[in-house]
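One structure is given here, and the rest of the page talks about it.
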Amino acid sequence: MIVELGHFALVLALFTALIQAVLPMWGAQRRIPGFMALATPASVVQLALIAVAFLALMHAYVTSDFTVLNVVQNSHSLKPMLYKISGVWGNHEGSLVLWVLILALFGAIVAVFGRNLPPTLKARTLSVQALIAVGFLLFMLFTSNPFERVFPPPANGQDLNPLLQDPGLAFHPPMLYTGYVGFSIVFSFAVAALIEGRVDAAWARWVRPWTLLAWVFLTLGIALGSWWAYYELGWGGWWYWDPVENASFMPWLVGTALLHSAIVVEKRDALKTWTILLAILAFSLSLIGTFLVRSGVLTSVHAFATDPDRGVFILGLLIVAIGGSLLLYAWRAPTLKGGGLFAPISREGALVLNNLLLSAAAATVLIGTLYPLFLEALGGGKVSVGPPYFNATFIPLMLPMIAALGVGPLLAWKRADLKGALSRLKLAFVVTAVVFAVMGYLLWGRSIFGVLGMALAAWLATAVAIEFAERCGVGKRGGPATWLKRARGMPRAAWGMTLAHFGLAVCMVGMTGSALWQSEEIRVMRPGETAQVGGYSYTFEGAEQVEGPNYTATRGHFTVTSGGDLIANLDPERRRYVVSGRETTEAAIVTRPLGDLFAVIGEQQSGQAFTVRLYFKPVVSWIWSGALLMAIGGLFSLSDRRLRVGAPTRRGAPRGGVAQPSFGAARRED
């Protein structure tokens, strides 16, 4: 009965979304207050209905209801409770329910808390959001019904993919989807603004918090996925330019550009059409990622579906959503009036350069991801575009961006003195030169990108520290107490920018250092044997058989010493899952400030000998520490009061009319 209730709730949600998509849009066009006001309750009802469907599916998983085909294919009664719950979104059909739930959640939040929005803009935004929901609900109900029954029910299920039975994968998809779908509301704001033909500082101030929220969750989602790949897949890598990895990275790049572009719209009333285009592209790339994962064109540990019919349906959605929004952009964008002028050497100019480089980087990733698919579709055979291509095209674009990132925050708005800004960075030049010389000596003849990467990380970190110190008044009148007082009084957005930029520098150190100085040993070891890796002694103490809740495992034991002192005990496992018969590796990792000790046990050879992989990964944990700092910086900025106030003041409505906002009257606290 609960299963049928969930299915019925999805059907009702579809009809609610249809009403929300049509009537408020019509009401905004005809200035009918009642129709426009309908968008708010419809958004809340749609969220409630999809939440009922999601909870009904979760109930089926938790109770191991094997009359539901989706539960049979992705669960088992022996599976731990955490993975029964995460199994809800660990498959194609269930993940779609989570997708539309988050989509409806964003719409409902705007509906309930967007009281300051102009009625017409709010109605149109929620209508566009509902149109997206209509497409995905139709896709789900006609091709991917999560509540499909199976009779007679089997005695047990087929279990979830063992690679997904991991805490990292339990939390990675919700984070990633929140980022993906978060850009939908930005897309809806952009399309609504195009229909109205009006974009200004107030619009940018409404859009920025949603962009920032989506960016924060997408950052955390990508970082969690990278961390999972690092410790779960057994090869010790954290990124391989997999097409599905790229599918999440492209909207992140464009979303980062959008964040900076929206600042120019808000502060200087410029780059309006460009910002609208970025808002459309950010969500469009999210939809392309959805197509890659669910169309069957890719075979990946990330991919959910291999049914070409579903791919055709999603391709149709892409054509309607992306093609329709770009056609609207081509029609309406020329009517948007340009804003203030600025010199090339200015804060705006630095942000434009940032946008161009990020957009070009996203384009190179898009080409490298889609080119093999197009070539195969045209009968050109299968080709592989891997790390060599991306490293040769992506990294050269990022190097000048990092260099400019250290200077940009020191430039003034409208017109700036580049020579003066560079003179304030003397210490950064000195630190960078020293790091470049040291890295050049250590890496002579090995990797110019490694030298540049470490030098630019030092440049960015020092430049961020200098800019922050200047904000605090360091070197001016007063002492540490005065500087601390100024730091406390700084806007949270300034703190957020500092943390995010510094986090990027930390990430760069982790990425570069782990690639340059990694030590690896792959060999067959017997109990009592020792291998030297990265200055540490790994001694294999033997292996034993252990039983898990739904698997059996071979657990190895290693002691790691340095200079005769015990540093760590590592207990990696090789698991075999009872139901599916599939095997996974569970790496043992001990994180230290300067690097990770990493051990993987492989297949058993003769006697008690096992194939093992041993690594020392220098500063690799800095990658995820930096990503966390970036996300915390985003949250700091999001908590800034200036992103929660500044709503336009409403003018009195004429008798019988609809109150209209004064778009230029946004409250400023710069």
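Ligands are numbered from 1 in the order shown, residues from 1 within each chain, and chains are lettered A, B, ... in the order they appear in the structure tokens.
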Polymer residues at most 12 Å from range 29-36 of chain A, only C-alpha atoms, same-chain spacing of 2 or more positions, as a compact mmCIF listing (two decimals) with N, CA and C atoms, in the first residue's frame:
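And here's out_2.txt as it stands now:
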```
# COMPACT_ATOMS: atom_id res chain seq x y z
N ILE A 19 0.46 22.47 -13.47
CA ILE A 19 -0.32 23.66 -13.09
C ILE A 19 0.64 24.81 -12.75
N GLN A 20 1.67 24.49 -11.98
CA GLN A 20 2.64 25.52 -11.57
C GLN A 20 3.40 26.08 -12.78
N ALA A 21 3.63 25.24 -13.79
CA ALA A 21 4.37 25.70 -14.97
C ALA A 21 3.55 26.62 -15.85
N VAL A 22 2.23 26.44 -15.87
CA VAL A 22 1.39 27.15 -16.85
C VAL A 22 0.73 28.39 -16.24
N LEU A 23 -0.02 28.21 -15.15
CA LEU A 23 -0.86 29.30 -14.66
C LEU A 23 -0.08 30.51 -14.14
N PRO A 24 0.96 30.34 -13.30
CA PRO A 24 1.70 31.53 -12.86
C PRO A 24 2.38 32.26 -14.02
N MET A 25 2.88 31.53 -15.00
CA MET A 25 3.49 32.18 -16.16
C MET A 25 2.45 33.00 -16.92
N TRP A 26 1.29 32.43 -17.09
CA TRP A 26 0.19 33.15 -17.75
C TRP A 26 -0.23 34.36 -16.91
N GLY A 27 -0.29 34.16 -15.61
CA GLY A 27 -0.66 35.27 -14.72
C GLY A 27 0.35 36.40 -14.77
N LEU A 38 -0.48 31.64 -7.20
CA LEU A 38 -0.63 30.19 -7.17
C LEU A 38 0.71 29.47 -7.17
N ALA A 39 1.77 30.13 -7.63
CA ALA A 39 3.08 29.49 -7.71
C ALA A 39 3.59 29.06 -6.34
N THR A 40 3.32 29.84 -5.31
CA THR A 40 3.84 29.52 -3.97
C THR A 40 3.22 28.25 -3.39
N PRO A 41 1.90 28.14 -3.26
CA PRO A 41 1.35 26.90 -2.71
C PRO A 41 1.62 25.69 -3.61
N ALA A 42 1.65 25.90 -4.93
CA ALA A 42 1.93 24.78 -5.83
C ALA A 42 3.34 24.25 -5.60
N SER A 43 4.31 25.14 -5.36
CA SER A 43 5.69 24.70 -5.09
C SER A 43 5.76 23.87 -3.82
N ALA A 111 9.85 29.93 -3.11
CA ALA A 111 8.44 30.29 -2.96
C ALA A 111 8.14 30.82 -1.56
N PRO A 118 9.98 40.52 -6.84
CA PRO A 118 8.84 41.07 -7.58
C PRO A 118 7.89 39.94 -7.96
N PRO A 119 6.59 40.15 -7.84
CA PRO A 119 5.63 39.07 -8.11
C PRO A 119 5.78 38.43 -9.48
N THR A 120 6.04 39.25 -10.50
CA THR A 120 6.15 38.68 -11.85
C THR A 120 7.40 37.83 -12.00
N LEU A 121 8.53 38.31 -11.47
CA LEU A 121 9.77 37.55 -11.56
C LEU A 121 9.66 36.26 -10.77
N LYS A 122 9.07 36.33 -9.58
CA LYS A 122 8.91 35.14 -8.76
C LYS A 122 8.02 34.12 -9.46
N ALA A 123 6.91 34.57 -10.02
CA ALA A 123 5.99 33.65 -10.69
C ALA A 123 6.67 32.98 -11.89
N ARG A 124 7.38 33.76 -12.68
CA ARG A 124 8.04 33.19 -13.86
C ARG A 124 9.16 32.24 -13.45
N THR A 125 9.92 32.60 -12.41
CA THR A 125 11.01 31.73 -11.96
C THR A 125 10.46 30.38 -11.50
N LEU A 126 9.42 30.39 -10.70
CA LEU A 126 8.85 29.14 -10.21
C LEU A 126 8.18 28.35 -11.33
N SER A 127 7.66 29.03 -12.33
CA SER A 127 7.08 28.32 -13.47
C SER A 127 8.16 27.59 -14.27
N ALA A 192 13.64 33.60 -16.47
CA ALA A 192 12.59 34.56 -16.08
C ALA A 192 13.01 35.99 -16.37
N ILE A 195 12.70 36.66 -20.06
CA ILE A 195 11.30 36.88 -20.45
C ILE A 195 10.86 38.29 -20.09
N GLU A 196 11.29 38.75 -18.89
CA GLU A 196 10.92 40.11 -18.47
C GLU A 196 11.74 41.17 -19.18
N ALA A 653 1.32 50.04 -5.38
CA ALA A 653 0.69 49.61 -6.62
C ALA A 653 -0.46 50.53 -6.96
N GLY A 656 -5.95 48.41 -8.29
CA GLY A 656 -6.28 47.29 -9.16
C GLY A 656 -5.06 46.69 -9.82
N GLY A 657 -3.87 47.23 -9.55
CA GLY A 657 -2.67 46.72 -10.22
C GLY A 657 -1.85 45.86 -9.30
N VAL A 658 -0.67 45.51 -9.77
CA VAL A 658 0.25 44.67 -9.03
C VAL A 658 1.43 45.51 -8.59
N ALA A 659 1.78 45.41 -7.32
CA ALA A 659 2.92 46.17 -6.82
C ALA A 659 4.18 45.79 -7.56
N GLN A 660 4.92 46.79 -8.02
CA GLN A 660 6.16 46.53 -8.75
C GLN A 660 7.34 47.03 -7.94
```
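In the backbone-derived DSSP annotation, helix (DSSP H, G or I) within range 400-434 of chain A comprises Pro400, Met401, Ile402, Ala403, Ala404, Leu405, Gly406, Val407, Gly408, Pro409, Leu410, Leu418, Lys419, Gly420, Ala421, Leu422, Ser423, Lys426, Leu427, Ala428, Phe429, Val430, Val431, Thr432, Ala433 and Val434 of chain A.
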ask   = Which residues come within 10 Å of range 533-547 of chain A, counting only C-alpha atoms, excluding same-chain residues fewer than 3 positions away, as a ChimeraX atom specification?
value = /A:517-521,525-530,550-576,595,597-599,601,604,608-610,612,614-618
